[in-house]
Amino acid sequence: MDGLARLEYRGYDSAGVAVLGDGALHTEKRAGKLANLREALEKRPINGDGAGIGHTRWATHGAPNDVNAHPHVDDERRVAVVHNGIIENFATLRLELEEKGCKFVSDTDTEVTAHLLALEVAEHGDLAAAMRSVCKRLEGAFTLVATSVADPGLVVAARRNSPLVVGLGEGENFLASDVAAFIAHTREAVELGQDQVVELRADSVTVTDYDGAPVEVNEYHVDWDVSAAEKGGFDYFMLKEIVEQPRAVADTLLGRVSADGRLSLDEMRLSPADLRSVEKIVIIACGTSFHAGLIAKYAIEHWCRVPCEVEVASEFRYRDPILDQQTLVIAISQSGESMDTLMAVRYAREQRARVLAICNVNGSTIPRESDGVLYTHAGPEVGVAATKTFLTQLAACYLVGLYLAQVRGLKFGDEINTVIAQLAAMPEQVERVLGTVEPVRELARSLAGADTVLFLGRHVGYPVALEGALKLKELAYMHAEAFAAGELKHGPIALIEDGLPVVIVVPSPKGRSVLHDKVVSNIQEVRARGARTIVIAEEGDESVRPYSDVLIEIPAVPTLLQPIVSTIPMQVFACELALAKGNDVDRPRNLAKSVTVE
Ligand code: AGP
């Protein structure tokens, strides 16, 4: 149950367990949060002494109710199975199984696998062989974990396009979608590869491919421990993760500048020659990671003079993008498991583009399938809303941009060193912002009754506005929209009415004054039409004061790096407003942290 609690971020609309004991499968399943299952188990404890499996679900096929919750069992209750992903050919398989007399009780795609496995086990008596044979019949994405009354000390699992990790303990072994589930027991792990089957007993782990041929596995040590995945005195993970941002950014920058002051990103696995031949960059990502990509474009094009496109990963492969060996695709993904991004990565590699992943989870699928990787070192992020991982993605993107400029000889060493020094100072600036957010909290509480909040920004402030709106939507379930400030007069300004809260991100007045002055004009435009202006501007920028109903000051930093500090009030604002509405900010409704379906 503790392991499931640590995985709840992957999905939390229902949960269930199956444990073997006395020659039978004992199951309990409940719709809603894990607490419902816990309560049910307290009332009716399971007394199994064999292997057990459990699951928290994020519904794709069938409503989130007790019946559709996993594990699923066959008619005879001989096999139990849990599943992540989508089995695309389940309808055909279900028809075939119904014709054979199998009785289905749920609306899920998963249930077909329980019946298929049971039929195979009945015929051959071996759960692992059954799993290999069933997997060959399945189309789509899946991690399947199964137990059978035929062998109560055994758990068999398989994966295709969905993550699965083995935890290696002493006299005990574990299987989970993420190491967080078993980190309290072991930090030694094995990441399963594509199309592999694992047979797990308390004292052995055997990995084969779908034909039963043994597979060599790579063991690795997890470099964070259970305390990093716990709340550390905060009421919510999100609150803790916001506060962890200075450390997360510092850790991401750590060790990436060599003694001679040059950036050294050898771990990226892309050679300087590879990077010199790049003629175009395409950044693909989803959600918050996409916003990091939008900001990266400004920095990369400014420093490297290479054209850079940014695209939502789920759209990328459907529009026939122009890619070749001279294209560098940068895939940004906190989890390394977002299916939309993974599919875009595969497509890009098929078109012979080189792919660099920016990722926070060591050994996850996207970096493993990319040509190179730059890891962010944010540590585990449990809250569904991305916070510290966004800031570290920005830091990693800046490093990539500067490194490209360095290897392509586009900037003098001292120019690069200046920006590196500015980046190195960012953790301290982030700390300063965190020390001044109390008024933002008060403001958020005062707006708990608002229906709509608009966000405006220009240049790198525009993706920050998008991120502010996304945070408010996903946490406070409010209508929130972001616009490029200049675009306002082309339509959205019609939305402005008396008292409508509008958050505006103002660029530094010391950078390009034209940019700054245009945003100040935009503030006046919305205020003249009755908006309540909430202005995020640099300390000492007196020009905005007369037009700000609420002024949130952030430290003076270079224009391109401003998102690292201007995003923080947005995060705090959305988090506090959601808390004021009584929402669970770690587990907002309908969402999952890692979206492993397309
Ligand atoms: C942001 O708060 C969300 N959790 C979501 O938009 C997220 O950034 C997106 O699903 C991408 O996830 P990834 O970075 O793990 O690929």
# chains A, B, ... in the order shown; residues from 1 in each chain; ligands from 1
>>> residues_around(residues="A:Ala118", least_positions_apart="3", cutoff="8 Å", atoms="only C-alpha atoms", output="PDB file with C-alpha atoms, in the first residue's frame")
ATOM      1  CA  ASP A  74     -10.418 -14.520 -15.329  1.00  0.00           C
ATOM      2  CA  ARG A  78      -6.866 -18.248 -11.395  1.00  0.00           C
ATOM      3  CA  VAL A  79      -4.969 -15.288 -12.843  1.00  0.00           C
ATOM      4  CA  ALA A 114      -6.630 -11.865 -17.706  1.00  0.00           C
ATOM      5  CA  HIS A 115      -8.710 -14.262 -19.816  1.00  0.00           C
ATOM      6  CA  VAL A 121      -1.759 -21.114 -18.231  1.00  0.00           C
ATOM      7  CA  ALA A 122      -4.475 -23.791 -18.327  1.00  0.00           C
TER       8      ALA A 122
END
>>> residues_near_ligand(ligand="ligand 1", cutoff="9 Å", atoms="only C-alpha atoms and all ligand atoms", output="PyMOL selection string")
chain A and resi 285-291+331-342+359-361+383-387+389-390+467+470-471+474-475+591-595
>>> closest_residue(among="A:Thr108, A:Ser204, A:Ser446, A:Ser177", to="A:Glu88", atoms="only C-alpha atoms")
A:Thr108
>>> atom_distance(atom1="atom CA of A:Phe455", atom2="atom CA of A:Val503")
4.7 Å
>>> residues_around(residues="stretch 306-311 of chain A", least_positions_apart="3", cutoff="8 Å", atoms="only C-alpha atoms", output="mmCIF file with all heavy atoms, in the first residue's frame")
data_model
loop_
_atom_site.group_PDB
_atom_site.id
_atom_site.type_symbol
_atom_site.label_atom_id
_atom_site.label_comp_id
_atom_site.auth_asym_id
_atom_site.auth_seq_id
_atom_site.Cartn_x
_atom_site.Cartn_y
_atom_site.Cartn_z
ATOM 1 N N GLU A 279 21.718 22.137 -38.705
ATOM 2 C CA GLU A 279 21.234 23.297 -39.474
ATOM 3 C C GLU A 279 19.885 23.806 -38.958
ATOM 4 O O GLU A 279 19.468 24.910 -39.290
ATOM 5 C CB GLU A 279 21.107 22.920 -40.957
ATOM 6 C CG GLU A 279 22.480 22.773 -41.599
ATOM 7 C CD GLU A 279 22.428 22.244 -43.010
ATOM 8 O OE1 GLU A 279 21.321 22.049 -43.545
ATOM 9 O OE2 GLU A 279 23.515 22.016 -43.559
ATOM 10 N N LYS A 280 19.206 22.943 -38.233
ATOM 11 C CA LYS A 280 17.894 23.356 -37.710
ATOM 12 C C LYS A 280 17.629 22.595 -36.414
ATOM 13 O O LYS A 280 18.025 21.430 -36.293
ATOM 14 C CB LYS A 280 16.810 23.014 -38.739
ATOM 15 C CG LYS A 280 15.429 23.446 -38.318
ATOM 16 C CD LYS A 280 14.394 23.221 -39.420
ATOM 17 C CE LYS A 280 13.874 21.808 -39.423
ATOM 18 N NZ LYS A 280 12.673 21.607 -40.229
ATOM 19 N N ILE A 281 16.958 23.266 -35.490
ATOM 20 C CA ILE A 281 16.592 22.597 -34.231
ATOM 21 C C ILE A 281 15.067 22.549 -34.146
ATOM 22 O O ILE A 281 14.388 23.526 -34.476
ATOM 23 C CB ILE A 281 17.178 23.356 -33.026
ATOM 24 C CG1 ILE A 281 18.717 23.254 -33.054
ATOM 25 C CG2 ILE A 281 16.641 22.807 -31.693
ATOM 26 C CD1 ILE A 281 19.424 24.072 -32.022
ATOM 27 N N VAL A 282 14.552 21.411 -33.735
ATOM 28 C CA VAL A 282 13.100 21.308 -33.496
ATOM 29 C C VAL A 282 12.917 20.805 -32.065
ATOM 30 O O VAL A 282 13.463 19.763 -31.699
ATOM 31 C CB VAL A 282 12.432 20.312 -34.474
ATOM 32 C CG1 VAL A 282 10.931 20.272 -34.212
ATOM 33 C CG2 VAL A 282 12.707 20.694 -35.911
ATOM 34 N N ILE A 283 12.194 21.568 -31.265
ATOM 35 C CA ILE A 283 11.952 21.144 -29.882
ATOM 36 C C ILE A 283 10.550 20.553 -29.802
ATOM 37 O O ILE A 283 9.584 21.155 -30.280
ATOM 38 C CB ILE A 283 12.084 22.332 -28.902
ATOM 39 C CG1 ILE A 283 13.491 22.941 -29.006
ATOM 40 C CG2 ILE A 283 11.791 21.890 -27.470
ATOM 41 C CD1 ILE A 283 13.745 24.124 -28.093
ATOM 42 N N ILE A 284 10.454 19.350 -29.210
ATOM 43 C CA ILE A 284 9.138 18.722 -29.043
ATOM 44 C C ILE A 284 8.909 18.422 -27.560
ATOM 45 O O ILE A 284 9.832 18.004 -26.856
ATOM 46 C CB ILE A 284 9.019 17.418 -29.879
ATOM 47 C CG1 ILE A 284 10.258 16.543 -29.690
ATOM 48 C CG2 ILE A 284 8.754 17.719 -31.323
ATOM 49 C CD1 ILE A 284 10.146 15.188 -30.326
ATOM 50 N N ALA A 285 7.708 18.641 -27.099
ATOM 51 C CA ALA A 285 7.397 18.425 -25.679
ATOM 52 C C ALA A 285 5.903 18.628 -25.466
ATOM 53 O O ALA A 285 5.191 19.040 -26.383
ATOM 54 C CB ALA A 285 8.180 19.427 -24.822
ATOM 55 N N PHE A 290 6.652 21.795 -22.807
ATOM 56 C CA PHE A 290 6.511 22.558 -24.056
ATOM 57 C C PHE A 290 6.797 24.041 -23.795
ATOM 58 O O PHE A 290 7.459 24.713 -24.583
ATOM 59 C CB PHE A 290 5.096 22.335 -24.615
ATOM 60 C CG PHE A 290 4.722 23.232 -25.755
ATOM 61 C CD1 PHE A 290 5.347 23.110 -26.996
ATOM 62 C CD2 PHE A 290 3.736 24.203 -25.607
ATOM 63 C CE1 PHE A 290 4.991 23.938 -28.060
ATOM 64 C CE2 PHE A 290 3.375 25.027 -26.660
ATOM 65 C CZ PHE A 290 4.005 24.896 -27.887
ATOM 66 N N GLY A 293 10.325 24.616 -23.725
ATOM 67 C CA GLY A 293 10.828 24.618 -25.100
ATOM 68 C C GLY A 293 10.609 25.965 -25.777
ATOM 69 O O GLY A 293 11.476 26.464 -26.501
ATOM 70 N N LEU A 294 9.438 26.579 -25.534
ATOM 71 C CA LEU A 294 9.158 27.887 -26.150
ATOM 72 C C LEU A 294 10.180 28.923 -25.682
ATOM 73 O O LEU A 294 10.638 29.766 -26.451
ATOM 74 C CB LEU A 294 7.741 28.353 -25.784
ATOM 75 C CG LEU A 294 6.573 27.593 -26.418
ATOM 76 C CD1 LEU A 294 5.249 28.075 -25.823
ATOM 77 C CD2 LEU A 294 6.556 27.774 -27.932
ATOM 78 N N LYS A 297 13.683 28.431 -27.272
ATOM 79 C CA LYS A 297 13.806 28.946 -28.651
ATOM 80 C C LYS A 297 14.427 30.351 -28.671
ATOM 81 O O LYS A 297 15.309 30.637 -29.470
ATOM 82 C CB LYS A 297 12.421 28.957 -29.307
ATOM 83 C CG LYS A 297 12.362 29.622 -30.674
ATOM 84 C CD LYS A 297 10.920 29.685 -31.154
ATOM 85 C CE LYS A 297 10.752 30.646 -32.314
ATOM 86 N NZ LYS A 297 11.225 30.117 -33.582
ATOM 87 N N ILE A 300 18.168 29.962 -27.730
ATOM 88 C CA ILE A 300 18.978 29.246 -28.726
ATOM 89 C C ILE A 300 19.146 30.090 -29.992
ATOM 90 O O ILE A 300 20.252 30.230 -30.523
ATOM 91 C CB ILE A 300 18.347 27.864 -29.029
ATOM 92 C CG1 ILE A 300 18.513 26.948 -27.807
ATOM 93 C CG2 ILE A 300 18.974 27.228 -30.261
ATOM 94 C CD1 ILE A 300 17.786 25.621 -27.891
ATOM 95 N N GLU A 301 18.068 30.680 -30.460
ATOM 96 C CA GLU A 301 18.198 31.466 -31.693
ATOM 97 C C GLU A 301 19.066 32.706 -31.454
ATOM 98 O O GLU A 301 19.860 33.085 -32.301
ATOM 99 C CB GLU A 301 16.810 31.856 -32.234
ATOM 100 C CG GLU A 301 16.084 30.632 -32.789
ATOM 101 C CD GLU A 301 14.816 30.947 -33.566
ATOM 102 O OE1 GLU A 301 14.254 32.041 -33.364
ATOM 103 O OE2 GLU A 301 14.390 30.086 -34.361
ATOM 104 N N GLU A 315 1.286 16.762 -31.928
ATOM 105 C CA GLU A 315 0.975 17.223 -33.286
ATOM 106 C C GLU A 315 2.085 16.897 -34.273
ATOM 107 O O GLU A 315 1.864 16.783 -35.473
ATOM 108 C CB GLU A 315 0.762 18.754 -33.274
ATOM 109 C CG GLU A 315 -0.522 19.193 -32.623
ATOM 110 C CD GLU A 315 -1.745 18.737 -33.399
ATOM 111 O OE1 GLU A 315 -1.725 18.770 -34.634
ATOM 112 O OE2 GLU A 315 -2.718 18.304 -32.743
ATOM 113 N N PHE A 316 3.286 16.763 -33.727
ATOM 114 C CA PHE A 316 4.506 16.739 -34.538
ATOM 115 C C PHE A 316 4.477 15.739 -35.687
ATOM 116 O O PHE A 316 4.623 16.084 -36.857
ATOM 117 C CB PHE A 316 5.671 16.453 -33.584
ATOM 118 C CG PHE A 316 7.011 16.333 -34.225
ATOM 119 C CD1 PHE A 316 7.636 17.438 -34.772
ATOM 120 C CD2 PHE A 316 7.666 15.110 -34.264
ATOM 121 C CE1 PHE A 316 8.889 17.323 -35.339
ATOM 122 C CE2 PHE A 316 8.912 14.987 -34.830
ATOM 123 C CZ PHE A 316 9.523 16.095 -35.368
#
>>> select_by_dssp(residues="stretch 76-214 of chain A", states="helix (DSSP H, G or I)", output="ChimeraX atom specification")
/A:90-99,111-124,127-137,179-181
>>> residues_around(residues="A:Asp451", least_positions_apart="4", cutoff="10 Å", atoms="only C-alpha atoms", output="ChimeraX atom specification")
/A:447,477-480,500-501
>>> residues_around(residues="A:Lys33", least_positions_apart="5", cutoff="8 Å", atoms="only C-alpha atoms", output="PyMOL selection string")
chain A and resi 12-15
>>> write_last_selection(atoms="C-alpha atoms", output="mmCIF file, in the first residue's frame")
data_model
loop_
_atom_site.group_PDB
_atom_site.id
_atom_site.type_symbol
_atom_site.label_atom_id
_atom_site.label_comp_id
_atom_site.auth_asym_id
_atom_site.auth_seq_id
_atom_site.Cartn_x
_atom_site.Cartn_y
_atom_site.Cartn_z
ATOM 1 C CA TYR A 12 -5.579 7.981 -8.894
ATOM 2 C CA ASP A 13 -9.155 7.394 -9.928
ATOM 3 C CA SER A 14 -9.300 3.899 -8.464
ATOM 4 C CA ALA A 15 -6.997 1.318 -6.930
#
